[in-house]
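Here the structure is laid out as structure tokens; the discussion comes afterwards.
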Amino acid sequence: MAKKHQKVKKFLQDKNLEKTLTKAHVTLAHKRSHGVTSVASYGIFLNQKVPVDFTALLFSQNLAALEAQIGSIDGEKVASKNEWAHVTLWAGNGASAKDANMLSQLVLKGEAARVDFHKPVSVSGVVDFY
């Protein structure tokens, strides 16, 4: 992406994403935000592989995340309780990974950029509780 988009290249040039990429995850539900029952509802998917497509990179001065489209397990869609499913890539000084939840709204306000992928990047992950 950095080769095709100068804005992305400039943003990424001084970021070290190795540490965050090794901890990359999509939060499906958080007990403080969605309740224990919502979190427990994912138990049927525990330890199962789920496909995920990344469709866009969103970033601001202090945050970066990949938009995620979560697939299905045994024909049942795995849906995030978060308003916007994503993987936080980076949070700068004064920002937390949780702040990335607002990136899609920041794009609408013109306070963040969005670069859509020509083709989704497909990966898979395992559903787990943390």
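Every chain in the structure tokens takes a letter, A first, then B, and so on in the order presented; its residues are numbered from 1, and the ligands are numbered from 1 following the presented order.
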
Region 20-33 of chain A environment, 7 Å, only C-alpha atoms, sequence neighbours closer than 3 positions dropped, as a PyMOL selection string: chain A and resi 17+36+38-39+79-82+85-90

May I have the residues within 8 Å of region 69-77 of chain A as a PDB file with C-alpha atoms, in the first residue's frame, using only C-alpha atoms and disregarding those fewer than 2 positions away in the same chain?
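The result, written out as selection-v9.pdb:
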ATOM      1  CA  PHE A  45     -16.897 -20.748  18.519  1.00  0.00           C
ATOM      2  CA  GLN A  48     -12.303 -22.688  16.062  1.00  0.00           C
ATOM      3  CA  LYS A  49     -10.733 -21.104  13.004  1.00  0.00           C
ATOM      4  CA  VAL A  50     -12.613 -18.166  11.472  1.00  0.00           C
ATOM      5  CA  PRO A  51     -11.844 -16.387   8.186  1.00  0.00           C
ATOM      6  CA  VAL A  52     -11.303 -12.627   8.269  1.00  0.00           C
ATOM      7  CA  ASP A  53     -10.994 -10.223   5.344  1.00  0.00           C
ATOM      8  CA  PHE A  54      -9.236  -6.901   5.792  1.00  0.00           C
ATOM      9  CA  THR A  55     -10.839  -4.356   3.495  1.00  0.00           C
ATOM     10  CA  GLU A  67     -11.176  -2.772   8.868  1.00  0.00           C
ATOM     11  CA  ALA A  79     -20.397 -10.942  14.270  1.00  0.00           C
ATOM     12  CA  SER A  80     -18.569  -8.434  16.433  1.00  0.00           C
ATOM     13  CA  ALA A  85     -14.922  -4.539  13.483  1.00  0.00           C
TER      14      ALA A  85
END

Applying 9 Å and only C-alpha atoms, which residues near Ser60 (chain A) remain after dropping the ones on its own chain fewer than 6 positions away? List them as a PDB file with C-alpha atoms, in the first residue's frame.
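And here is the file that came out, result_18.pdb:
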ATOM      1  CA  PHE A  11       2.309   7.601   7.804  1.00  0.00           C
ATOM      2  CA  LEU A 103     -11.480   5.710  13.586  1.00  0.00           C
ATOM      3  CA  LEU A 106     -12.998  10.243  12.579  1.00  0.00           C
ATOM      4  CA  VAL A 107     -12.916   9.477   8.847  1.00  0.00           C
ATOM      5  CA  GLU A 111      -9.953  13.776  11.027  1.00  0.00           C
ATOM      6  CA  ALA A 112      -8.619  10.445   9.727  1.00  0.00           C
ATOM      7  CA  ALA A 113      -7.898   8.860   6.356  1.00  0.00           C
TER       8      ALA A 113
END

Residue set, chain A restricted to strand (DSSP E or B), as number ranges by chain: A: 49-59, 63-70, 72-73, 76-77, 86-91, 113-126

Nearby residues (only C-alpha atoms) at most 12 Å from Gly94 (chain A), same-chain spacing under 6 positions excluded, as a PyMOL selection string: chain A and resi 61-63

Let's have the selection written as a PDB file, in the first residue's frame, with N, CA and C atoms.
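Listed below is the output, again05.pdb:
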ATOM      1  N   GLN A  61      -3.533  10.806  13.056  1.00  0.00           N
ATOM      2  CA  GLN A  61      -2.228  11.202  13.575  1.00  0.00           C
ATOM      3  C   GLN A  61      -1.748  10.243  14.669  1.00  0.00           C
ATOM      4  N   ASN A  62      -2.686   9.669  15.441  1.00  0.00           N
ATOM      5  CA  ASN A  62      -2.310   8.839  16.588  1.00  0.00           C
ATOM      6  C   ASN A  62      -2.788   7.393  16.550  1.00  0.00           C
ATOM      7  N   LEU A  63      -3.463   6.994  15.466  1.00  0.00           N
ATOM      8  CA  LEU A  63      -4.049   5.652  15.429  1.00  0.00           C
ATOM      9  C   LEU A  63      -3.981   5.043  14.035  1.00  0.00           C
TER      10      LEU A  63
END

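Here the question is which of A:Ala65, A:Val78, A:Val126, A:Val121 gets nearest to Asp99 (chain A) using only C-alpha atoms, and that residue is A:Ala65.
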
One-decimal distance in Å that lies between CA of Lys4 (chain A) and CA of Trp84 (chain A):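 If I compute the distance from CA of Trp84 (chain A) to CA of Lys4 (chain A), I get 25.5 Å.
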
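Relative to CA of Lys3 (chain A), CA of Lys15 (chain A) is found at 15.8 Å.
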
Those of chain A in DSSP alpha helix (DSSP H), formatted as a ChimeraX atom specification: /A:6-12,18-21,31-34,36-40,103-108

Between CA of Met102 (chain A) and CA of Ala56 (chain A) - distance in Å to one decimal: 14.8 Å

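Ranking A:Ala91, A:Pro120, A:Phe59, A:Ser41 by their shortest atom-to-atom distance to Lys9 (chain A), with only C-alpha atoms included, puts A:Phe59 first.
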